[in-house]
Amino acid sequence: MATISIGITIFADQLLGQRKNQEDALYISPASLFHKKGLLAIVSDGMGGMERGEVYSNSAVEAMR
């Protein structure tokens with residue numbers, strides 16, 4: 001298996017928008033794990049104002065991690 005070295009810059013940010021709380025959730029694996037395990041990036045949408053959307057989106061991210 002060949003190893004390819006590439007440069008990657010990853011940035012994550014969340015904007016609250018018009019809602020009172022952030023319903024979306026995200027996770028990016030630590031850079032220290034990239035060469036051993038690869039990159040894991042997860043984005044979970046909180047479903048546009050549905051009740052407890054933040055709970056479900058965070059649960060989805062935690063389950064994937």
# chains A, B, ... in the order shown; residues from 1 in each chain; ligands from 1

call {"tool": "residues_around", "arguments": {"residues": "range 47-62 of chain A", "least_positions_apart": "3", "cutoff": "12 Å", "atoms": "only C-alpha atoms", "output": "MDAnalysis selection string"}}
result
chainID A and resid 16:29 40:44 65

call {"tool": "residues_around", "arguments": {"residues": "Thr9 in chain A", "least_positions_apart": "4", "cutoff": "12 Å", "atoms": "only C-alpha atoms", "output": "ChimeraX atom specification"}}
result
/A:28,31,34,39

call {"tool": "write_last_selection", "arguments": {"atoms": "C-alpha atoms", "output": "PDB file, in the first residue's frame"}}
result
ATOM      1  CA  ILE A  28     -13.877  16.678  13.676  1.00  0.00           C
ATOM      2  CA  ALA A  31      -5.290  16.038  13.908  1.00  0.00           C
ATOM      3  CA  PHE A  34      -5.080  11.587  11.080  1.00  0.00           C
ATOM      4  CA  LEU A  39     -10.125  11.950   9.302  1.00  0.00           C
TER       5      LEU A  39
END

call {"tool": "select_by_dssp", "arguments": {"residues": "chain A", "states": "strand (DSSP E)", "output": "list in words"}}
result
Ala25, Leu26, Tyr27, Ile28, Ala41, Ile42, Val43 and Ser44 of chain A

call {"tool": "select_by_dssp", "arguments": {"residues": "chain A", "states": "alpha helix (DSSP H)", "output": "short mmCIF file (atom, residue, chain, number, x, y, z; two decimals) with N, CA, C and O atoms, in the first residue's frame"}}
result
data_model
loop_
_atom_site.label_atom_id
_atom_site.label_comp_id
_atom_site.auth_asym_id
_atom_site.auth_seq_id
_atom_site.Cartn_x
_atom_site.Cartn_y
_atom_site.Cartn_z
N PHE A 34 -4.91 11.64 12.52
CA PHE A 34 -5.08 11.59 11.08
C PHE A 34 -4.23 10.52 10.41
O PHE A 34 -4.71 9.73 9.62
N HIS A 35 -2.94 10.46 10.74
CA HIS A 35 -2.05 9.51 10.07
C HIS A 35 -2.27 8.07 10.51
O HIS A 35 -1.92 7.14 9.79
N LYS A 36 -2.86 7.87 11.68
CA LYS A 36 -3.12 6.51 12.16
C LYS A 36 -4.49 5.99 11.73
O LYS A 36 -4.64 4.84 11.35
N LYS A 37 -5.50 6.85 11.83
CA LYS A 37 -6.88 6.40 11.61
C LYS A 37 -7.62 7.15 10.53
O LYS A 37 -8.73 6.78 10.17
N GLY A 53 -34.36 19.34 18.87
CA GLY A 53 -33.49 19.08 17.72
C GLY A 53 -32.03 18.99 18.11
O GLY A 53 -31.29 18.16 17.58
N GLU A 54 -31.60 19.82 19.07
CA GLU A 54 -30.20 19.79 19.51
C GLU A 54 -29.85 18.49 20.21
O GLU A 54 -28.75 17.98 20.10
N VAL A 55 -30.81 17.91 20.92
CA VAL A 55 -30.58 16.63 21.62
C VAL A 55 -30.35 15.53 20.59
O VAL A 55 -29.41 14.73 20.70
N TYR A 56 -31.17 15.49 19.58
CA TYR A 56 -31.06 14.44 18.57
C TYR A 56 -29.83 14.60 17.70
O TYR A 56 -29.17 13.61 17.36
N SER A 57 -29.50 15.83 17.33
CA SER A 57 -28.31 16.01 16.50
C SER A 57 -27.05 15.67 17.28
O SER A 57 -26.13 15.05 16.76
N ASN A 58 -26.98 16.05 18.56
CA ASN A 58 -25.83 15.68 19.39
C ASN A 58 -25.75 14.18 19.61
O ASN A 58 -24.66 13.59 19.61
N SER A 59 -26.89 13.52 19.78
CA SER A 59 -26.92 12.06 19.94
C SER A 59 -26.39 11.36 18.70
O SER A 59 -25.66 10.38 18.79
N ALA A 60 -26.74 11.88 17.54
CA ALA A 60 -26.26 11.28 16.29
C ALA A 60 -24.75 11.42 16.17
O ALA A 60 -24.06 10.45 15.80
N VAL A 61 -24.22 12.57 16.52
CA VAL A 61 -22.76 12.77 16.46
C VAL A 61 -22.06 11.83 17.44
O VAL A 61 -21.08 11.17 17.11
N GLU A 62 -22.56 11.74 18.66
CA GLU A 62 -21.94 10.86 19.66
C GLU A 62 -22.00 9.40 19.25
O GLU A 62 -21.05 8.64 19.46
N ALA A 63 -23.09 8.97 18.65
CA ALA A 63 -23.20 7.59 18.20
C ALA A 63 -22.18 7.28 17.10
O ALA A 63 -21.59 6.20 17.07
N MET A 64 -21.97 8.23 16.19
CA MET A 64 -21.02 8.03 15.11
C MET A 64 -19.57 8.01 15.61
O MET A 64 -18.74 7.29 15.08
#
